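J.: Could you have a look at this structure, given as structure tokens, before my questions?
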Number of protein chains: 2
Amino acid sequence: MPRIKFFPSGITAEAAEGEPLREAAARAGIEIEAPCGGEGTCGKCLVKIISGKLKTHGGFALPPEKREAGFALACRASVCDVDAEVEIFSAGGDGRFAEDEISEFVPPDEVSFLIKTLTLAVREPKAGDGFSDFDRLVSAVKNFVSFDGLRIPLPVLSALPETLRASRTHTLVYYIESGILQIVDLLPRDEIDFYGIAVDVGSTTVAACLVDKNGKAVAARSEYNGQIICGADVISRINYARKGLHELRQKIVETINALINSLCEESGADPSQIYHFSVAANTTMVHLLLGINPEYIRLEPYVPAVYDPPLLTAGELGLSANAAAPVYFAPSVGSYVGGDITSGLLRLPPQSADEVNLFIDIGTNGEVVLCGGDFLIACACSAGPAFEGGGISCGMRAASGAVESVEIDARTGEPRFSVIGGEAPKGICGSGMISLAAELYRKGFLEPNGKFSGESKYIREKKYFLSENIFITEQDMQNFIRAKAAVFSACRTLLSGVGLSFGDLKNIFIAGGFGRYLNLGDAAEIGLIPPLPCEKYVYLSNSSLAGAYMTLVSENNRRLQAEIAKKITYTDLSAEPSYMDEYTAALFLPHTDGGLFKKN
Amino acid sequence: MPRIKFFPSGITAEAAEGEPLREAAARAGIEIEAPCGGEGTCGKCLVKIISGKLKTHGGFALPPEKREAGFALACRASVCDVDAEVEIFSAGGDGRFAEDEISEFVPPDEVSFLIKTLTLAVREPKAGDGFSDFDRLVSAVKNFVSFDGLRIPLPVLSALPETLRASRTHTLVYYIESGILQIVDLLPRDEIDFYGIAVDVGSTTVAACLVDKNGKAVAARSEYNGQIICGADVISRINYARKGLHELRQKIVETINALINSLCEESGADPSQIYHFSVAANTTMVHLLLGINPEYIRLEPYVPAVYDPPLLTAGELGLSANAAAPVYFAPSVGSYVGGDITSGLLRLPPQSADEVNLFIDIGTNGEVVLCGGDFLIACACSAGPAFEGGGISCGMRAASGAVESVEIDARTGEPRFSVIGGEAPKGICGSGMISLAAELYRKGFLEPNGKFSGESKYIREKKYFLSENIFITEQDMQNFIRAKAAVFSACRTLLSGVGLSFGDLKNIFIAGGFGRYLNLGDAAEIGLIPPLPCEKYVYLSNSSLAGAYMTLVSENNRRLQAEIAKKITYTDLSAEPSYMDEYTAALFLPHTDGGLFKKN
């Protein structure tokens with residue numbers, strides 16, 4: 001049997017002669033996206049044959065010169081009778097953001113990084129004038145900036161004689177913190193290229209964006225958080241940290257550095273040119289990145305070590321960049337309302353004083369923020385991993401082979417479903433679960449209490465079978481209903497706390513990867529979200545990374561973020577008497593109060 | 001021939017069977033002091049036989065259990081017919097300061113280190129109050145200190161949850177720099193022991209003093225600068241740095257760390273308890289310690305990289321201490337008037353506005369400072385290594401076997417001399433040269449121009465013989481006269497620059513190791529110093545280390561030192577037209593102007 005080795009992952013798959021390349025890859029857990037559906041027209045599934053041979057079938061999107069250079073489209077390639085090595089370039093494989101995604105990061109009119117640059121003409125050394133190199137540097141800087149104190153990294157000081165004598169003009173990279181001018185670097189050129197990195201550190205996915213000196217986002221990528229193998233969610237990471245804190249810290253640093261290196265390689269930048277960072281992360285991820293034991297986040301009285309870390313340096317954190325580069329952290333406001341949320345909120349469009357909106361970020365944890373003209377009320381609910389396929393018998397992440405939407409014949413209960421990647425189904429992802437539950441309920445095969453009902457050969461032994469091997473149990477359905485109830489009741493609790501209802505909302509903003517695949521009708525059918533008119537729902541994509549970008553490029557945004565953090569009232573749902581009632585009432589499809597889900 | 005390897009230096013000596021161990025060591029340049037004169041009674045020459053064998057003869061100071069553990073007294077040990085490895089522990093070897101030397105460091109009435117400590121009672125964590133551990137720390141600090149910004153080392157932040165929960169009271173170690181409160185450490189105790197290190201980094205010798213939290217000097221030691229093998233003087237080090245900068249930096253850091261470790265071991269302290277440093281060093285040593293290429297110090301226009309380094313941390317420098325410990329550097333004022341001089345000047349007793357004093361620090365370089373009520377005029381002269389035994393046929397450092405003083409029979413020219421350590425003479429040290437030259441001149445065997453004269457069987461072929469193998473040549477005498485002329489004419493040039501003469505001086509302060517052995521009468525006889533009444537001369541011992549200690553323990557002294565540095569006018573002798581005339585006039589014994597040396 002021929003073996004195909006895939007790069008950059010290095011994973012090898014055993015394949016059958018004639019098997020489509022994407023199928024062989026998928027069996028090895030590698031998803032090669034083909035948005036055009038395998039028509040060979042979009043070119044996104046580009047691969048390069050490094051060694052061996054593949055049978056290729058051309059494709060409109062592959063120019064002849066690329067084909068001659070060993071490139072192929074994965075959707076138009078199949079396995080021969082020999083081993084092969086293949087490098088994957090697709091968006092799915094390397095986490096690269098598409099041009100249109102990057103274009104969402106719009107520089108402000110006036111870019112104002114945390115770091116500044118200054119072109120200097122340092123006086124030449126002169127015998128007997130009593131001024132050292134350092135003295136002349138300081139006095140040149142004083143011509144432009146006033147400061148009370150000055151700090152210089154030892155490597156910059158050590159190189160000072162050579163740096164000053166290498167050019168007549170220099171560029172100083174610095175920032176000012178409470179009157180102290182902190183030098184980051186000094187370069188013997190009057191113009192330099194430099195970069196910043198905005199990072200969103202999620203529990204599952206880490207995304208980073210490389211920003212040039214004009215504030216333009218030049219490339220962005222995402223990558224799984226290397227900590228995943230230490231636990232799928234925040235709580236299991238916190239448990240793992242008891243013995244593996246150092247390992248967790250190392251893994252997240254490695255993940256970020258891998259992203260930095262890929263971004264630099266892609267853009268022709270060098271990590272040493274990276275002079276500033278903005279990090280948006282949930283509270284636990286901040287702790288792990290700083291090497292702080294996060295244990296007390298989940299131990300009474302639930303007080304984290306830090307909400308708003310002071311500036312640190314890339315060198316301290318071990319990030320692949322200029323060692324003196326300052327690292328800004330988005331402030332957190334609670335154990336489960338982190339810098340990802342204060343960043344995400346930055347991304348909201350301006351709102352007038354009298355409108356009220358809801359911001360929902362559903363992941364393993366769901367965070368909900370009620371946004372009024374003069375209030376921001378946030379809470380977090382433990383949705384559990386059901387929306388990511390966890391705690392469900394045949395659950396899986398939204399990847400190749402996952403059932404993502406289901407239709408059910410009202411008479412027979414027979415399912416028809418679509419699978420990501422168009423292959424044989426391997427499991428059910430979050431949006432598949434929502435679709436499946438909605439269809440079962442809609443077609444009368446599911447009771448409001450989550451029990452299966454009706455006559456169908458697809459329902460046996462309290463299980464509904466999508467296929468021979470793919471099914472859901474009533475227990476799965478209970479877990480799923482608890483997850484949707486947690487989110488919905490969180491929204492309701494926040495709203496009723498200020499005497500409002502869903503109808504008073506102007507918009508509901510859905511953030512995070514989950515939102516991308518959400519079918520609003522299905523979600524409303526099962527009572528995850530209320531059945532508001534479609535135009536009220538706004539999908540924000542990765543709002544946390546967008547917020548990190550915004551604070552990287554603008555002092556005003558950093559100030560706004562501090563105001564947001566200050567303005568947020570954190571509601572601990574477990575301490576809200578009404579929450580348990582709301583939650584219990586939501587443990588039905590769609591809800592015990594059916595009136596809430598009448599279509600308007 | 002058996003070979004003996006000595007540790008910690010790692011130097012190997014070829015030895016003869018039966019040879020006393022100390023002699024074998026001395027031939028390899030290692031001095032093992034035996035204050036009791038080899039009687040085996042003081043125990044200071046303790047060594048440990050690591051491998052091989054020595055013939056030992058017991059000794060009162062060596063308890064049987066130590067002998068069984070492989071220890072021996074070097075003064076009672078001789079070489080066998082096999083190789084051996086020996087570790088030296090002797091007082092001469094470890095550079096420990098005597099009690100009386102340490103007692104010269106007197107704490108001021110009010111000790112004010114650069115770092116401060118603060119006993120804090122940080123509030124307990126409380127659910128839902130919105131304060132993280134870090135927030136509560138900051139607010140506890142704000143009860144006592146006001147600041148604009150705050151910085152915390154990552155390791156302190158990382159440990160915060162555990163530190164805060166380990167005790168109800170804490171000690172914060174911090175310093176304030178231009179409104180920023182820089183945390184150094186946080187300890188879960190309401191009382192802590194901590195230490196500071198004052199260091200004098202000389203080209204030849206490095207001395208360090210461990211200071212406790214009350215400002216008391218608890219131990220002090222000196223050690224040869226590990227850079228010596230890269231060149232004996234500042235100029236050769238600068239040349240070596242062209243290719244070996246990193247090595248030079250490493251060697252001086254290793255030397256300081258070895259001193260720190262010895263001091264800690266001696267005092268039961270731990271390097272992690274060292275929270276602050278004060279460093280006094282000449283300009284070149286500062287460059288090498290910071291890893292700065294010192295080349296431009298000796299290249300036109302002779303401008304160093306830095307005179308007054310900003311605060312750095314022990315971690316940046318690689319010093320064995322708490323990584324965040326701030327390192328204060330005494331400011332330099334010229335390429336050859338360094339922090340050792342601005343420190344040494346601190347050591348001078350208070351002077352009234354109308355008196356004028358002279359401060360002379362003679363080493364490889366001689367620095368001279370004329371101190372008036374409203375002026376400080378400094379210069380440096382290249383005395384050359386003659387006073388340290390360099391450039392003299394049979395010259396050596398002031399160590400065991402060095403002729404240190406000479407008397408000569410006026411009739412026959414026969415020498416009688418005393419030798420350091422009381423052994424057979426091996427060479428002549430600086431004070432021996434002064435004594436010898438003075439006696440030869442006094443007794444008529446030496447002309448003012450440095451030529452030998454008179455009839456004596458000890459004078460042959462333009463050499464004067466102290467013994468069969470120990471002699472000086474007329475060429476040696478020329479080198480020596482140039483050295484004394486450099487120093488004397490430097491003093492004269494400074495004085496005449498302000499219209500004064502030696503008679504106007506209230507005191508002449510002699511600093512540095514050289515001064516310890518100086519016979520004032522002899523020194524005046526040859527014209528190194530003027531023949532003023534003895535009480536005008538004051539010996540300051542290691543004034544640079546004393547100054548480093550003073551700036552370590554007192555903010556007032558740090559301010560005074562900054563004022564001293566500002567007040568000093570640096571006179572470049574090579575640019576003074578009168579200096580060459582003065583120098584030429586001083587190239588005689590005692591001087592062309594004999595009137596200067598009439599005894600008062």
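In the structure tokens, the first chain shown is A, the next is B, and so on; residue numbers restart at 1 for each chain, and ligands run from 1 in the order shown.
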Near chain B, meaning an atom within 7 Å, which residues of chain A appear when counting only C-alpha atoms? Write them as a list in words.
T.: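 My answer is Pro125, Lys126, Ala127, Ser132, Asp133, Phe134, Asp148, Gly149, Arg151, Leu154, Ser158, Ala159, Leu160, Pro161, Ser178, Gly179, Ile180, Leu290, Gly291, Ile292, Pro301, Tyr302, Val303, Pro304, Ala305, Val306, Tyr307, Pro310 and Glu316 of chain A.
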J.: What is the Cα root-mean-square deviation, to one decimal place in Å, for chain A superposed on chain B with all Cα atoms matched in order?
T.: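 Chain B versus chain A: RMSD of 2.1 Å.
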J.: Which of these residues is nearest to Ser431 of chain A, using only C-alpha atoms: A:Lys216, A:Lys566, A:Arg397, A:Lys53?
T.: A:Arg397
J.: Which residues come within 12 Å of Asn282 of chain A, counting only C-alpha atoms, excluding same-chain residues fewer than 5 positions away, as a PyMOL selection string?
T.: chain A and resi 199-206+233-234+287-289+294+297+304+306-308+329-344+361+363-367+380+544-545
J.: Write out as a PyMOL selection string which residues come within 7 Å of Gln561 of chain A when counting only C-alpha atoms, dropping same-chain ones fewer than 3 positions away.
T.: chain A and resi 342-343+346+557-558+564-565
J.: For those residues, write N, CA and C atoms to a file as a tab-separated table (two decimals), in the first residue's frame.
T.:
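Done, and the output landed in part.tsv:
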chain	number	residue	atom	x	y	z
A	342	THR	N	-12.83	41.84	26.41
A	342	THR	CA	-12.63	43.30	26.32
A	342	THR	C	-12.10	43.68	24.94
A	343	SER	N	-11.41	42.74	24.30
A	343	SER	CA	-10.95	42.99	22.93
A	343	SER	C	-12.11	42.87	21.96
A	346	LEU	N	-14.37	45.82	21.67
A	346	LEU	CA	-13.83	46.95	20.91
A	346	LEU	C	-14.33	46.91	19.46
A	557	ASN	N	-7.61	53.18	21.10
A	557	ASN	CA	-8.26	51.89	21.37
A	557	ASN	C	-7.80	51.29	22.69
A	558	ARG	N	-6.50	51.49	23.01
A	558	ARG	CA	-6.03	50.96	24.30
A	558	ARG	C	-6.74	51.69	25.44
A	564	ILE	N	-13.59	50.22	28.72
A	564	ILE	CA	-14.51	49.08	28.63
A	564	ILE	C	-14.34	48.18	29.85
A	565	ALA	N	-13.08	47.86	30.16
A	565	ALA	CA	-12.81	46.97	31.29
A	565	ALA	C	-13.35	47.57	32.58
J.: Using only C-alpha atoms, which of the listed residues (A:Ile49, A:Ile481, A:Val369, A:Cys80) sits closest to Glu68 of chain A?
T.: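 Once distances to Glu68 of chain A are computed over only C-alpha atoms, the minimum belongs to A:Ile49.
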J.: Would you kindly return, as a PyMOL selection string, each protein, DNA or RNA residue with an atom no farther than 10 Å from any atom of Gly497 of chain A, considering only C-alpha atoms and excluding same-chain residues fewer than 3 positions away?
T.: chain A and resi 377+491-494+500-501+571+576+578
J.: Quick one: residues within 8 Å of Asp522 of chain A, only C-alpha atoms, excluding same-chain residues fewer than 4 positions away - as a PyMOL selection string?
T.: chain A and resi 434-435+438-439+526
J.: When you draw a straight line from atom CA of Ile274 of chain B to atom CA of Glu110 of chain B, how long is it in Å?
T.: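 Going from atom CA of Ile274 of chain B over to atom CA of Glu110 of chain B covers 20.2 Å.
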